[in-house]
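K.L.:
Got a structure for you, structure34.pdb, holding PDB, N, CA and C atoms, pLDDT in the B column.
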```
ATOM      1  N   MET A 215       6.894 -12.497   0.538  1.00 77.00           N
ATOM      2  CA  MET A 215       6.037 -12.681  -0.609  1.00 77.00           C
ATOM      3  C   MET A 215       4.860 -13.607  -0.284  1.00 77.00           C
ATOM      4  N   SER A 216       5.040 -14.481   0.676  1.00 90.00           N
ATOM      5  CA  SER A 216       3.938 -15.386   1.020  1.00 90.00           C
ATOM      6  C   SER A 216       2.769 -14.610   1.622  1.00 90.00           C
ATOM      7  N   PHE A 217       3.088 -13.530   2.345  1.00 88.00           N
ATOM      8  CA  PHE A 217       2.027 -12.705   2.916  1.00 88.00           C
ATOM      9  C   PHE A 217       1.177 -12.084   1.815  1.00 88.00           C
ATOM     10  N   LEU A 218       1.828 -11.590   0.771  1.00 84.00           N
ATOM     11  CA  LEU A 218       1.091 -10.979  -0.329  1.00 84.00           C
ATOM     12  C   LEU A 218       0.242 -11.995  -1.078  1.00 84.00           C
ATOM     13  N   SER A 219       0.780 -13.189  -1.270  1.00 90.00           N
ATOM     14  CA  SER A 219      -0.002 -14.215  -1.963  1.00 90.00           C
ATOM     15  C   SER A 219      -1.196 -14.665  -1.118  1.00 90.00           C
ATOM     16  N   GLU A 220      -1.005 -14.779   0.196  1.00 91.00           N
ATOM     17  CA  GLU A 220      -2.119 -15.140   1.064  1.00 91.00           C
ATOM     18  C   GLU A 220      -3.169 -14.036   1.100  1.00 91.00           C
ATOM     19  N   LEU A 221      -2.727 -12.796   1.112  1.00 88.00           N
ATOM     20  CA  LEU A 221      -3.664 -11.676   1.088  1.00 88.00           C
ATOM     21  C   LEU A 221      -4.461 -11.660  -0.204  1.00 88.00           C
ATOM     22  N   TRP A 222      -3.791 -11.912  -1.319  1.00 87.00           N
ATOM     23  CA  TRP A 222      -4.488 -11.950  -2.602  1.00 87.00           C
ATOM     24  C   TRP A 222      -5.489 -13.112  -2.645  1.00 87.00           C
ATOM     25  N   LEU A 223      -5.097 -14.270  -2.148  1.00 91.00           N
ATOM     26  CA  LEU A 223      -6.020 -15.411  -2.126  1.00 91.00           C
ATOM     27  C   LEU A 223      -7.232 -15.135  -1.233  1.00 91.00           C
ATOM     28  N   PHE A 224      -7.007 -14.448  -0.116  1.00 90.00           N
ATOM     29  CA  PHE A 224      -8.120 -14.082   0.762  1.00 90.00           C
ATOM     30  C   PHE A 224      -9.087 -13.159   0.040  1.00 90.00           C
ATOM     31  N   MET A 225      -8.545 -12.135  -0.620  1.00 87.00           N
ATOM     32  CA  MET A 225      -9.413 -11.187  -1.325  1.00 87.00           C
ATOM     33  C   MET A 225     -10.134 -11.859  -2.491  1.00 87.00           C
ATOM     34  N   LYS A 226      -9.477 -12.802  -3.126  1.00 88.00           N
ATOM     35  CA  LYS A 226     -10.058 -13.483  -4.282  1.00 88.00           C
ATOM     36  C   LYS A 226     -11.182 -14.427  -3.873  1.00 88.00           C
ATOM     37  N   THR A 227     -10.959 -15.200  -2.817  1.00 91.00           N
ATOM     38  CA  THR A 227     -11.969 -16.180  -2.417  1.00 91.00           C
ATOM     39  C   THR A 227     -13.153 -15.523  -1.715  1.00 91.00           C
ATOM     40  N   ARG A 228     -12.897 -14.478  -0.955  1.00 91.00           N
ATOM     41  CA  ARG A 228     -13.986 -13.817  -0.218  1.00 91.00           C
ATOM     42  C   ARG A 228     -14.617 -12.668  -0.994  1.00 91.00           C
ATOM     43  N   LYS A 229     -14.148 -12.429  -2.217  1.00 90.00           N
ATOM     44  CA  LYS A 229     -14.663 -11.352  -3.076  1.00 90.00           C
ATOM     45  C   LYS A 229     -14.533  -9.988  -2.394  1.00 90.00           C
ATOM     46  N   LYS A 230     -13.380  -9.730  -1.811  1.00 88.00           N
ATOM     47  CA  LYS A 230     -13.108  -8.471  -1.112  1.00 88.00           C
ATOM     48  C   LYS A 230     -12.174  -7.598  -1.948  1.00 88.00           C
ATOM     49  N   TYR A 231     -12.539  -7.392  -3.204  1.00 88.00           N
ATOM     50  CA  TYR A 231     -11.685  -6.621  -4.098  1.00 88.00           C
ATOM     51  C   TYR A 231     -11.616  -5.145  -3.718  1.00 88.00           C
ATOM     52  N   TRP A 232     -12.564  -4.670  -2.928  1.00 90.00           N
ATOM     53  CA  TRP A 232     -12.542  -3.279  -2.515  1.00 90.00           C
ATOM     54  C   TRP A 232     -11.395  -2.996  -1.552  1.00 90.00           C
ATOM     55  N   LEU A 233     -10.767  -4.026  -1.012  1.00 88.00           N
ATOM     56  CA  LEU A 233      -9.622  -3.828  -0.117  1.00 88.00           C
ATOM     57  C   LEU A 233      -8.350  -3.455  -0.873  1.00 88.00           C
ATOM     58  N   ALA A 234      -8.265  -3.794  -2.141  1.00 89.00           N
ATOM     59  CA  ALA A 234      -7.041  -3.564  -2.908  1.00 89.00           C
ATOM     60  C   ALA A 234      -6.651  -2.081  -2.971  1.00 89.00           C
ATOM     61  N   PRO A 235      -7.552  -1.145  -3.309  1.00 92.00           N
ATOM     62  CA  PRO A 235      -7.140   0.270  -3.330  1.00 92.00           C
ATOM     63  C   PRO A 235      -6.709   0.794  -1.971  1.00 92.00           C
ATOM     64  N   ILE A 236      -7.345   0.301  -0.914  1.00 91.00           N
ATOM     65  CA  ILE A 236      -6.972   0.745   0.432  1.00 91.00           C
ATOM     66  C   ILE A 236      -5.561   0.285   0.761  1.00 91.00           C
ATOM     67  N   ILE A 237      -5.246  -0.951   0.457  1.00 90.00           N
ATOM     68  CA  ILE A 237      -3.919  -1.497   0.746  1.00 90.00           C
ATOM     69  C   ILE A 237      -2.860  -0.791  -0.092  1.00 90.00           C
ATOM     70  N   ILE A 238      -3.164  -0.526  -1.353  1.00 91.00           N
ATOM     71  CA  ILE A 238      -2.205   0.158  -2.226  1.00 91.00           C
ATOM     72  C   ILE A 238      -1.912   1.557  -1.702  1.00 91.00           C
ATOM     73  N   MET A 239      -2.942   2.288  -1.299  1.00 94.00           N
ATOM     74  CA  MET A 239      -2.729   3.640  -0.776  1.00 94.00           C
ATOM     75  C   MET A 239      -1.938   3.617   0.529  1.00 94.00           C
ATOM     76  N   MET A 240      -2.197   2.624   1.373  1.00 92.00           N
ATOM     77  CA  MET A 240      -1.437   2.526   2.621  1.00 92.00           C
ATOM     78  C   MET A 240       0.035   2.256   2.348  1.00 92.00           C
ATOM     79  N   VAL A 241       0.325   1.410   1.369  1.00 90.00           N
ATOM     80  CA  VAL A 241       1.713   1.113   1.016  1.00 90.00           C
ATOM     81  C   VAL A 241       2.398   2.353   0.435  1.00 90.00           C
ATOM     82  N   LEU A 242       1.703   3.080  -0.418  1.00 90.00           N
ATOM     83  CA  LEU A 242       2.288   4.288  -1.009  1.00 90.00           C
ATOM     84  C   LEU A 242       2.554   5.361   0.046  1.00 90.00           C
ATOM     85  N   LEU A 243       1.605   5.587   0.934  1.00 88.00           N
ATOM     86  CA  LEU A 243       1.818   6.578   1.986  1.00 88.00           C
ATOM     87  C   LEU A 243       2.922   6.139   2.947  1.00 88.00           C
ATOM     88  N   GLY A 244       2.999   4.858   3.233  1.00 87.00           N
ATOM     89  CA  GLY A 244       4.085   4.363   4.073  1.00 87.00           C
ATOM     90  C   GLY A 244       5.441   4.559   3.419  1.00 87.00           C
ATOM     91  N   GLY A 245       5.501   4.339   2.097  1.00 83.00           N
ATOM     92  CA  GLY A 245       6.744   4.585   1.369  1.00 83.00           C
ATOM     93  C   GLY A 245       7.142   6.047   1.392  1.00 83.00           C
ATOM     94  N   LEU A 246       6.158   6.947   1.280  1.00 79.00           N
ATOM     95  CA  LEU A 246       6.458   8.379   1.367  1.00 79.00           C
ATOM     96  C   LEU A 246       6.978   8.756   2.746  1.00 79.00           C
ATOM     97  N   ILE A 247       6.423   8.169   3.776  1.00 78.00           N
ATOM     98  CA  ILE A 247       6.893   8.457   5.133  1.00 78.00           C
ATOM     99  C   ILE A 247       8.321   7.968   5.320  1.00 78.00           C
ATOM    100  N   VAL A 248       8.616   6.795   4.815  1.00 77.00           N
ATOM    101  CA  VAL A 248       9.976   6.256   4.941  1.00 77.00           C
ATOM    102  C   VAL A 248      10.967   7.118   4.170  1.00 77.00           C
ATOM    103  N   LEU A 249      10.590   7.543   2.974  1.00 72.00           N
ATOM    104  CA  LEU A 249      11.498   8.370   2.174  1.00 72.00           C
ATOM    105  C   LEU A 249      11.697   9.758   2.775  1.00 72.00           C
ATOM    106  N   SER A 250      10.660  10.302   3.385  1.00 72.00           N
ATOM    107  CA  SER A 250      10.784  11.657   3.917  1.00 72.00           C
ATOM    108  C   SER A 250      11.510  11.685   5.258  1.00 72.00           C
ATOM    109  N   SER A 251      11.519  10.584   5.975  1.00 72.00           N
ATOM    110  CA  SER A 251      12.236  10.560   7.249  1.00 72.00           C
ATOM    111  C   SER A 251      13.726  10.319   7.012  1.00 72.00           C
ATOM    112  N   SER A 252      14.479  10.524   8.017  1.00 65.00           N
ATOM    113  CA  SER A 252      15.930  10.317   8.037  1.00 65.00           C
ATOM    114  C   SER A 252      16.675  11.210   7.050  1.00 65.00           C
ATOM    115  N   GLY A 253      16.089  12.312   6.652  1.00 65.00           N
ATOM    116  CA  GLY A 253      16.806  13.312   5.852  1.00 65.00           C
ATOM    117  C   GLY A 253      17.332  12.805   4.533  1.00 65.00           C
ATOM    118  N   SER A 254      16.540  12.046   3.812  1.00 65.00           N
ATOM    119  CA  SER A 254      17.013  11.517   2.537  1.00 65.00           C
ATOM    120  C   SER A 254      17.030  12.620   1.479  1.00 65.00           C
ATOM    121  N   ALA A 255      17.637  12.336   0.353  1.00 71.00           N
ATOM    122  CA  ALA A 255      17.736  13.311  -0.722  1.00 71.00           C
ATOM    123  C   ALA A 255      16.398  13.526  -1.409  1.00 71.00           C
ATOM    124  N   ALA A 256      15.460  12.610  -1.234  1.00 67.00           N
ATOM    125  CA  ALA A 256      14.145  12.739  -1.872  1.00 67.00           C
ATOM    126  C   ALA A 256      13.181  13.597  -1.066  1.00 67.00           C
ATOM    127  N   ALA A 257      13.556  13.960   0.162  1.00 66.00           N
ATOM    128  CA  ALA A 257      12.655  14.707   1.035  1.00 66.00           C
ATOM    129  C   ALA A 257      12.175  16.028   0.436  1.00 66.00           C
ATOM    130  N   PRO A 258      13.037  16.863  -0.170  1.00 71.00           N
ATOM    131  CA  PRO A 258      12.518  18.130  -0.734  1.00 71.00           C
ATOM    132  C   PRO A 258      11.482  17.919  -1.833  1.00 71.00           C
ATOM    133  N   PHE A 259      11.593  16.851  -2.584  1.00 72.00           N
ATOM    134  CA  PHE A 259      10.630  16.591  -3.636  1.00 72.00           C
ATOM    135  C   PHE A 259       9.295  16.102  -3.079  1.00 72.00           C
ATOM    136  N   ILE A 260       9.356  15.372  -1.970  1.00 67.00           N
ATOM    137  CA  ILE A 260       8.132  14.881  -1.339  1.00 67.00           C
ATOM    138  C   ILE A 260       7.375  16.025  -0.686  1.00 67.00           C
ATOM    139  N   TYR A 261       8.085  16.984  -0.078  1.00 69.00           N
ATOM    140  CA  TYR A 261       7.422  18.077   0.592  1.00 69.00           C
ATOM    141  C   TYR A 261       6.670  18.963  -0.379  1.00 69.00           C
ATOM    142  N   THR A 262       7.084  19.008  -1.638  1.00 71.00           N
ATOM    143  CA  THR A 262       6.360  19.825  -2.615  1.00 71.00           C
ATOM    144  C   THR A 262       5.019  19.196  -2.986  1.00 71.00           C
ATOM    145  N   LEU A 263       4.834  17.909  -2.731  1.00 70.00           N
ATOM    146  CA  LEU A 263       3.552  17.271  -3.025  1.00 70.00           C
ATOM    147  C   LEU A 263       2.472  17.712  -2.062  1.00 70.00           C
ATOM    148  N   PHE A 264       2.854  18.068  -0.846  1.00 66.00           N
ATOM    149  CA  PHE A 264       1.885  18.461   0.171  1.00 66.00           C
ATOM    150  C   PHE A 264       1.986  19.933   0.398  1.00 66.00           C
TER     151      PHE A 264
END
```
What does this structure look like when you write it as structure tokens?
P.N.:
Amino acid sequence: MSFLSELWLFMKTRKKYWLAPIIIMMVLLGGLIVLSSSGSAAAPFIYTLF
């Protein structure tokens, strides 16, 4: 959690709010990759998105 708070403070002080959507999309795509790997039960639902 300290990493997230430091990242938020960096974006807040340097006025880099445009980084927030990029980071959110990277986290979401990473979560989809983790869920689709290792043959989880959510894999068939993820494949229908693409």
K.L.:
Which value, in Å to one decimal, gives the distance between CA of Glu220 (chain A) and CA of Ile237 (chain A)?
P.N.:
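Pair CA of Glu220 (chain A) / CA of Ile237 (chain A) returns 13.8 Å.
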K.L.:
Name the residues of chain A that come out as helix (DSSP H, G or I) in a backbone DSSP run; write them as a PyMOL selection string.
P.N.:
chain A and resi 216-227+233-253+257-261
K.L.:
Could you please determine the separation between CA of Leu249 (chain A) and CA of Tyr231 (chain A) in Å, to one decimal place?
P.N.:
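One can read the CA of Leu249 (chain A) to CA of Tyr231 (chain A) distance as 28.3 Å.
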K.L.:
I'd like the interatomic distance between atom N of Ala234 (chain A) and atom C of Val248 (chain A), to a tenth of an Å.
P.N.:
23.0 Å
